[in-house]
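Structure, as structure tokens:
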There are 2 protein chains.
Amino acid sequence: MRATKTETSLRREQILEAALDLIGAEGVHHLSITAMAGRVGIVPSAIYRHFGGKDEVLDAVLDCIGKRLSENVRKARKESLSAPQRLRSLLMRHAYLLRENRAIPNVLFSDGLYAGHPARKKRVHDIVTGYLEEIERIFEEGVREGSIHPDISPGTGATLFLGALMPAAVLGNVVGIDIDVVAHAEKTWPILERSIVVDRPAAGSRIISRIDNGESP
Amino acid sequence: MRATKTETSLRREQILEAALDLIGAEGVHHLSITAMAGRVGIVPSAIYRHFGGKDEVLDAVLDCIGKRLSENVRKARKESLSAPQRLRSLLMRHAYLLRENRAIPNVLFSDGLYAGHPARKKRVHDIVTGYLEEIERIFEEGVREGSIHPDISPGTGATLFLGALMPAAVLGNVVGIDIDVVAHAEKTWPILERSIVVDRPAAGSRIISRIDNGESP
DNA sequence: GTGAAATGTGATTCACAATTCACTTTATGC
DNA sequence: GCATAAAGTGAATTGTGAATCACATTTCAC
């Protein structure tokens with residue numbers, strides 16, 4: 001049965017979505033023109049009516065993911081909360097985003113996408129560093145407003161933040177261990193908060209000093 | 001020039017190492033019989049004198065990585081330190097291991113290896129869960145001996161621990177952001193420790209109660 | 001209605017990687 | 001030294017997925 005003719009702008013959406021689904025389910029490695037076409041309900045060669053080739057599809061996938069991530073940060077930054085609360089907000093947004101878009105970790109942390117593809121590798125690099133910088137900015141603001149421990153450098157903080165979500169996202173998706181990212185984020189936040197947030201404006205120094213020796217009788 | 005005849009037990013080692021190097025540099029996706037052979041200095045078809053095929057090589061790679069990881073845990077567990085100190089020891093060992101074996105994250109967190117390969121996927125799953133369970137055990141011991149916050153479930157703790165290393169390992173390797181895993185681990189530990197270790201036997205409850213509202217002024 | 005443009009289709013080509021195989025060379029025990 | 005088994009080689013085979021192309025169908029403006 002012949003597929004009904006559909007204009008490119010719509011087909012592109014369908015193909016993109018198919019690609020995201022397939023990547024989410026099977027990883028970048030298993031994404032093939034044939035599989036995308038099958039999911040959309042057209043024949044493989046028809047893909048070339050809407051994309052120049054597989055590379056162009058992958059670029060679109062990357063674009064899409066980059067946009068969703070930065071959109072997420074944008075929303076979190078708009079909220080006029082304290083820095084730690086904005087971090088919490090971003091953590092939860094991130095968790096929901098990852099739950100809905102299982103392709104994201106597969107795309108960003110998989111080699112299949114950019115192996116031997118410097119340009120695309122750079123784009124992934126830019127997306128991730130851009131995201132990290134936004135988190136760093138929140139940390140800096142937190143330190144300035146006195147709500148975040150000054151002994152945490154923004155870079156370390158951002159990496160720490162990423163580490164709070166990554167295991168759940170990566171394990172759940174890539175390795176196939178079933179973890180609810182949102183539930184995990186909710187459990188993790190209080191602990192992360194404990195290591196980031198200044199206890200009381202005055203009491204911070206006591207905590208810092210404890211770390212120097214790490215002993216207690 | 002013909003390669004010098006070398007007995008299988010040694011060649012297998014060479015091929016395995018070549019595979020690990022290639023995976024570390026380019027990812028699982030780019031590992032080919034031809035590339036391995038080239039690196040060892042033999043012709044592709046010669047690989048089949050020593051391995052049944054590519055799958056057998058990948059299984060060996062997985063075996064090797066699994067062994068190195070569990071060896072690492074074994075060493076850390078042998079040390080008669082407090083639970084937090086054993087965690088620290090494991091974190092640092094882990095960091096060194098990852099620095100020397102850039103293939104590890106690429107293998108464990110990449111789809112190329114086990115996509116459509118249930119048996120191998122299960123092995124990766126077993127390696128990761130086995131590792132997590134060991135970490136959980138250290139957390140349990142810590143809670144029992146009173147050195148680790150009892151409000152951290154072993155599962156959350158283990159995931160938290162993994163999250164302390166993952167960003168550095170994955171970003172450094174997969175995404176191509178240069179992070180020294182060891183330096184990162186050293187910077188991260190004090191912060192992780194702060195959220196895990198009981199401050200003083202008596203003061204813990206104060207910290208816990210603060211988390212309930214999250215306000216200070 | 002009609003024709004041009006857009007979209008869909010199936011056959012085909014191409015490149016590349018895994019694997020097999022008949023044959024050659026090397027090492028080693030005797 | 002020599003027979004033999006182990007290891008190496010290059011050519012040929014096979015499989016797979018991306019990409020192309022000539023042709024068919026649909027849509028839509030006129």
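Ligands are numbered from 1 in the order shown, residues from 1 within each chain, and chains are lettered A, B, ... in the order they appear in the structure tokens.
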
At a cut-off of 9 Å, list the chain D residues touching chain B, using only C-alpha atoms (C1' of nucleotides), as a ChimeraX atom specification. /D:6-9

Store the residues picked out above, limited to N, CA and C atoms (P, O5', C5', C4', C3', O3' and C1' of nucleotides), as a compact mmCIF listing (two decimals), in the first residue's frame.
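And here's out-v1.txt as it stands now:
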```
# COMPACT_ATOMS: atom_id res chain seq x y z
P DA D 6 48.16 -27.66 16.17
O5' DA D 6 48.72 -26.19 16.39
C5' DA D 6 50.05 -26.01 16.86
C4' DA D 6 50.56 -24.64 16.41
C3' DA D 6 49.49 -23.55 16.41
O3' DA D 6 50.08 -22.37 16.93
C1' DA D 6 50.45 -23.71 14.27
P DA D 7 49.16 -21.10 17.27
O5' DA D 7 49.53 -20.12 16.09
C5' DA D 7 50.88 -19.67 15.97
C4' DA D 7 51.04 -18.95 14.67
C3' DA D 7 50.05 -17.82 14.44
O3' DA D 7 50.79 -16.62 14.21
C1' DA D 7 50.21 -19.22 12.52
P DG D 8 50.00 -15.30 13.69
O5' DG D 8 50.27 -15.39 12.12
C5' DG D 8 51.60 -15.28 11.65
C4' DG D 8 51.62 -15.08 10.15
C3' DG D 8 50.74 -13.93 9.66
O3' DG D 8 51.46 -13.15 8.72
C1' DG D 8 50.12 -15.94 8.57
P DT D 9 50.77 -11.85 8.11
O5' DT D 9 50.22 -12.41 6.73
C5' DT D 9 51.13 -13.08 5.86
C4' DT D 9 50.45 -13.37 4.54
C3' DT D 9 49.52 -12.26 4.04
O3' DT D 9 49.98 -11.84 2.77
C1' DT D 9 48.45 -14.39 3.93
```

Write out as JSON lines a residue-level contact list of chain A versus chain B with cut-off 7 Å: for each qualifying residue the closest pair of atoms and the distance in Å to one decimal, counting only C-alpha atoms, rows sorted by chain and residue number upward.
```
{"residue": "A:Glu26", "atom": "CA", "partner": "B:Ala115", "partner_atom": "CA", "distance": 6.3}
{"residue": "A:Gly27", "atom": "CA", "partner": "B:Asp111", "partner_atom": "CA", "distance": 5.5}
{"residue": "A:His29", "atom": "CA", "partner": "B:Gly112", "partner_atom": "CA", "distance": 5.6}
{"residue": "A:Phe109", "atom": "CA", "partner": "B:Val174", "partner_atom": "CA", "distance": 5.9}
{"residue": "A:Ser110", "atom": "CA", "partner": "B:Ser110", "partner_atom": "CA", "distance": 5.2}
{"residue": "A:Asp111", "atom": "CA", "partner": "B:Gly27", "partner_atom": "CA", "distance": 5.5}
{"residue": "A:Gly112", "atom": "CA", "partner": "B:His29", "partner_atom": "CA", "distance": 5.6}
{"residue": "A:Ala115", "atom": "CA", "partner": "B:Glu26", "partner_atom": "CA", "distance": 6.1}
{"residue": "A:Val124", "atom": "CA", "partner": "B:Val175", "partner_atom": "CA", "distance": 6.7}
{"residue": "A:His125", "atom": "CA", "partner": "B:Val175", "partner_atom": "CA", "distance": 5.9}
{"residue": "A:Thr156", "atom": "CA", "partner": "B:Thr188", "partner_atom": "CA", "distance": 6.9}
{"residue": "A:Thr159", "atom": "CA", "partner": "B:Pro167", "partner_atom": "CA", "distance": 6.3}
{"residue": "A:Leu160", "atom": "CA", "partner": "B:Ala164", "partner_atom": "CA", "distance": 6.4}
{"residue": "A:Leu162", "atom": "CA", "partner": "B:Pro167", "partner_atom": "CA", "distance": 6.5}
{"residue": "A:Gly163", "atom": "CA", "partner": "B:Gly163", "partner_atom": "CA", "distance": 4.0}
{"residue": "A:Ala164", "atom": "CA", "partner": "B:Gly163", "partner_atom": "CA", "distance": 5.6}
{"residue": "A:Met166", "atom": "CA", "partner": "B:Gly163", "partner_atom": "CA", "distance": 6.3}
{"residue": "A:Pro167", "atom": "CA", "partner": "B:Gly163", "partner_atom": "CA", "distance": 5.6}
{"residue": "A:Val170", "atom": "CA", "partner": "B:Phe109", "partner_atom": "CA", "distance": 7.0}
{"residue": "A:Val174", "atom": "CA", "partner": "B:Phe109", "partner_atom": "CA", "distance": 5.8}
{"residue": "A:Val175", "atom": "CA", "partner": "B:His125", "partner_atom": "CA", "distance": 5.9}
{"residue": "A:Gly176", "atom": "CA", "partner": "B:His125", "partner_atom": "CA", "distance": 6.8}
{"residue": "A:Ile177", "atom": "CA", "partner": "B:His125", "partner_atom": "CA", "distance": 6.9}
{"residue": "A:Thr188", "atom": "CA", "partner": "B:Thr156", "partner_atom": "CA", "distance": 6.9}
{"residue": "A:Pro190", "atom": "CA", "partner": "B:Ile211", "partner_atom": "CA", "distance": 6.6}
{"residue": "A:Ile191", "atom": "CA", "partner": "B:Ser195", "partner_atom": "CA", "distance": 5.8}
{"residue": "A:Leu192", "atom": "CA", "partner": "B:Ser195", "partner_atom": "CA", "distance": 6.8}
{"residue": "A:Arg194", "atom": "CA", "partner": "B:Ser195", "partner_atom": "CA", "distance": 5.6}
{"residue": "A:Ser195", "atom": "CA", "partner": "B:Ser195", "partner_atom": "CA", "distance": 4.8}
{"residue": "A:Arg200", "atom": "CA", "partner": "B:Ser216", "partner_atom": "CA", "distance": 6.3}
{"residue": "A:Ile211", "atom": "CA", "partner": "B:Pro190", "partner_atom": "CA", "distance": 6.5}
{"residue": "A:Ser216", "atom": "CA", "partner": "B:Arg200", "partner_atom": "CA", "distance": 6.6}
```

Please, could you write that set of residues out with N, CA and C atoms as a CSV table (one decimal), in the first residue's frame?
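Result written to part-v9.csv:
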```csv
chain,number,residue,atom,x,y,z
A,26,GLU,N,16.9,1.9,21.0
A,26,GLU,CA,18.0,1.0,20.5
A,26,GLU,C,19.3,1.7,20.5
A,27,GLY,N,19.4,3.0,20.6
A,27,GLY,CA,20.7,3.6,20.5
A,27,GLY,C,21.0,4.1,19.1
A,29,HIS,N,23.4,3.7,17.4
A,29,HIS,CA,24.1,2.7,16.5
A,29,HIS,C,23.0,1.9,15.6
A,109,PHE,N,25.8,10.8,25.0
A,109,PHE,CA,26.9,10.0,25.6
A,109,PHE,C,27.2,8.7,24.8
A,110,SER,N,26.9,8.7,23.6
A,110,SER,CA,27.2,7.5,22.8
A,110,SER,C,28.2,7.9,21.7
A,111,ASP,N,29.0,7.0,21.4
A,111,ASP,CA,30.1,7.3,20.4
A,111,ASP,C,29.6,7.2,19.0
A,112,GLY,N,28.6,6.4,18.7
A,112,GLY,CA,28.1,6.2,17.4
A,112,GLY,C,27.9,7.4,16.6
A,115,ALA,N,31.7,9.6,16.0
A,115,ALA,CA,33.0,8.9,15.8
A,115,ALA,C,33.4,9.3,14.4
A,124,VAL,N,28.2,18.5,19.7
A,124,VAL,CA,27.9,17.8,21.0
A,124,VAL,C,28.6,18.5,22.1
A,125,HIS,N,29.9,18.7,21.9
A,125,HIS,CA,30.8,19.4,22.8
A,125,HIS,C,30.2,20.7,23.2
A,156,THR,N,33.2,22.6,39.5
A,156,THR,CA,33.0,21.4,40.3
A,156,THR,C,31.5,21.2,40.6
A,159,THR,N,29.6,20.0,37.6
A,159,THR,CA,29.9,18.6,37.3
A,159,THR,C,29.1,17.7,38.3
A,160,LEU,N,29.1,18.2,39.6
A,160,LEU,CA,28.4,17.5,40.6
A,160,LEU,C,26.9,17.4,40.3
A,162,LEU,N,25.5,17.5,37.4
A,162,LEU,CA,25.4,16.6,36.3
A,162,LEU,C,25.4,15.2,36.8
A,163,GLY,N,26.3,15.0,37.7
A,163,GLY,CA,26.5,13.6,38.3
A,163,GLY,C,25.3,13.1,39.1
A,164,ALA,N,24.5,14.1,39.5
A,164,ALA,CA,23.3,13.7,40.2
A,164,ALA,C,22.3,13.0,39.3
A,166,MET,N,23.1,11.9,35.9
A,166,MET,CA,23.7,11.0,34.9
A,166,MET,C,23.5,9.5,35.2
A,167,PRO,N,23.8,9.0,36.4
A,167,PRO,CA,23.7,7.6,36.6
A,167,PRO,C,22.3,7.1,36.3
A,170,VAL,N,21.8,7.4,32.4
A,170,VAL,CA,22.6,6.5,31.6
A,170,VAL,C,22.3,5.0,31.9
A,174,VAL,N,21.0,3.2,28.8
A,174,VAL,CA,22.1,2.5,28.0
A,174,VAL,C,22.3,1.1,28.5
A,175,VAL,N,22.4,1.0,29.8
A,175,VAL,CA,22.7,-0.4,30.3
A,175,VAL,C,21.5,-1.2,30.5
A,176,GLY,N,20.3,-0.6,30.6
A,176,GLY,CA,19.1,-1.3,30.7
A,176,GLY,C,18.7,-1.6,32.2
A,177,ILE,N,19.2,-0.9,33.1
A,177,ILE,CA,18.8,-1.0,34.5
A,177,ILE,C,17.6,-0.1,34.7
A,188,THR,N,17.7,12.2,45.3
A,188,THR,CA,19.1,12.7,45.3
A,188,THR,C,19.2,14.2,45.8
A,190,PRO,N,17.9,16.2,48.1
A,190,PRO,CA,18.2,16.6,49.5
A,190,PRO,C,19.7,16.3,49.8
A,191,ILE,N,20.2,15.3,49.3
A,191,ILE,CA,21.6,14.9,49.6
A,191,ILE,C,22.5,15.9,48.9
A,192,LEU,N,22.3,16.1,47.6
A,192,LEU,CA,23.0,17.1,46.9
A,192,LEU,C,23.0,18.5,47.6
A,194,ARG,N,22.5,19.1,50.6
A,194,ARG,CA,23.2,19.2,51.8
A,194,ARG,C,24.7,19.5,51.6
A,195,SER,N,25.2,19.1,50.5
A,195,SER,CA,26.6,19.3,50.2
A,195,SER,C,26.9,20.6,49.5
A,200,ARG,N,23.9,27.7,57.6
A,200,ARG,CA,23.4,29.0,58.0
A,200,ARG,C,24.5,30.0,57.7
A,211,ILE,N,36.1,19.6,57.1
A,211,ILE,CA,36.6,18.8,55.9
A,211,ILE,C,38.1,18.7,55.9
A,216,SER,N,36.8,12.6,63.4
A,216,SER,CA,36.0,13.0,64.6
A,216,SER,C,36.2,11.9,65.6
```

Write out as a tab-separated table the residues of chain C that have any atom within 12 Å of an atom of chain B, one row each with the nearest atom pair and its distance in Å to one decimal, counting only C-alpha atoms (C1' of nucleotides), sorted by chain and then rising number.
```
residue	atom	partner	partner_atom	distance
C:DC16	C1'	B:Ser32	CA	10.7
C:DA17	C1'	B:Ser32	CA	7.3
C:DA18	C1'	B:Ile33	CA	7.7
C:DT19	C1'	B:Ser45	CA	8.1
C:DT20	C1'	B:Ser45	CA	8.9
C:DC21	C1'	B:Ser45	CA	10.3
C:DT24	C1'	B:Arg2	CA	10.7
C:DT25	C1'	B:Arg2	CA	8.6
C:DT26	C1'	B:Lys5	CA	6.4
C:DA27	C1'	B:Lys5	CA	7.7
C:DT28	C1'	B:Lys5	CA	12.0
```

Grab the Cα RMSD for chain A fitted onto chain B, all atoms paired in sequence order, one decimal please.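 The superposed chains show a C-alpha RMSD of 0.2 Å.
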
D:DA29 surroundings by only C-alpha atoms (C1' of nucleotides), 12 Å radius, close-in-sequence under 6 positions cut, as a PyMOL selection string: chain C and resi 2-5

Once you have the residues from the selection above, write them out as a PDB file, in the first residue's frame, restricted to N, CA and C atoms (P, O5', C5', C4', C3', O3' and C1' of nucleotides).
```
ATOM      1  P    DT C   2      -8.192  16.688 -19.820  1.00  0.00           P
ATOM      2  O5'  DT C   2      -6.893  17.538 -19.482  1.00  0.00           O
ATOM      3  C5'  DT C   2      -6.976  18.975 -19.500  1.00  0.00           C
ATOM      4  C4'  DT C   2      -5.622  19.532 -19.094  1.00  0.00           C
ATOM      5  C3'  DT C   2      -4.486  18.506 -19.120  1.00  0.00           C
ATOM      6  O3'  DT C   2      -3.296  19.170 -19.487  1.00  0.00           O
ATOM      7  C1'  DT C   2      -4.722  19.334 -16.952  1.00  0.00           C
ATOM      8  P    DG C   3      -2.206  18.451 -20.363  1.00  0.00           P
ATOM      9  O5'  DG C   3      -0.884  19.149 -19.817  1.00  0.00           O
ATOM     10  C5'  DG C   3      -0.899  20.536 -19.545  1.00  0.00           C
ATOM     11  C4'  DG C   3      -0.034  20.831 -18.343  1.00  0.00           C
ATOM     12  C3'  DG C   3       1.248  19.994 -18.274  1.00  0.00           C
ATOM     13  O3'  DG C   3       2.272  20.800 -17.721  1.00  0.00           O
ATOM     14  C1'  DG C   3       0.011  19.639 -16.327  1.00  0.00           C
ATOM     15  P    DA C   4       3.737  20.644 -18.220  1.00  0.00           P
ATOM     16  O5'  DA C   4       4.524  21.255 -16.981  1.00  0.00           O
ATOM     17  C5'  DA C   4       4.019  22.442 -16.385  1.00  0.00           C
ATOM     18  C4'  DA C   4       4.210  22.389 -14.878  1.00  0.00           C
ATOM     19  C3'  DA C   4       5.552  21.795 -14.438  1.00  0.00           C
ATOM     20  O3'  DA C   4       6.019  22.547 -13.330  1.00  0.00           O
ATOM     21  C1'  DA C   4       3.802  20.583 -13.427  1.00  0.00           C
ATOM     22  P    DA C   5       7.532  22.543 -12.981  1.00  0.00           P
ATOM     23  O5'  DA C   5       7.458  22.293 -11.395  1.00  0.00           O
ATOM     24  C5'  DA C   5       6.436  22.947 -10.651  1.00  0.00           C
ATOM     25  C4'  DA C   5       6.170  22.169  -9.379  1.00  0.00           C
ATOM     26  C3'  DA C   5       7.426  21.577  -8.723  1.00  0.00           C
ATOM     27  O3'  DA C   5       7.383  21.850  -7.335  1.00  0.00           O
ATOM     28  C1'  DA C   5       5.826  19.873  -9.064  1.00  0.00           C
TER      29       DA C   5
END
```

Quick one: residues within 8 Å of B:Ala60, only C-alpha atoms (C1' of nucleotides) counted, chain neighbours fewer than 4 positions away excluded, as a list in words? Leu16, Glu56 and Cys64 of chain B

For the selection you just gave me, I'd like the residues written to a file as a CSV table (one decimal), in the first residue's frame, keeping C-alpha atoms.
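As a result, result36.csv now contains:
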```csv
chain,number,residue,atom,x,y,z
B,16,LEU,CA,42.6,-7.7,23.3
B,56,GLU,CA,34.4,-13.5,20.8
B,64,CYS,CA,38.6,-8.0,30.9
```

From a DSSP calculation on the backbone, collect every residue of stretch 54-189 of chain A in alpha helix (DSSP H) and output the set as an NGL selection string. :A and (54-78 or 83-100 or 103-108 or 118-145 or 154-170 or 181-189)
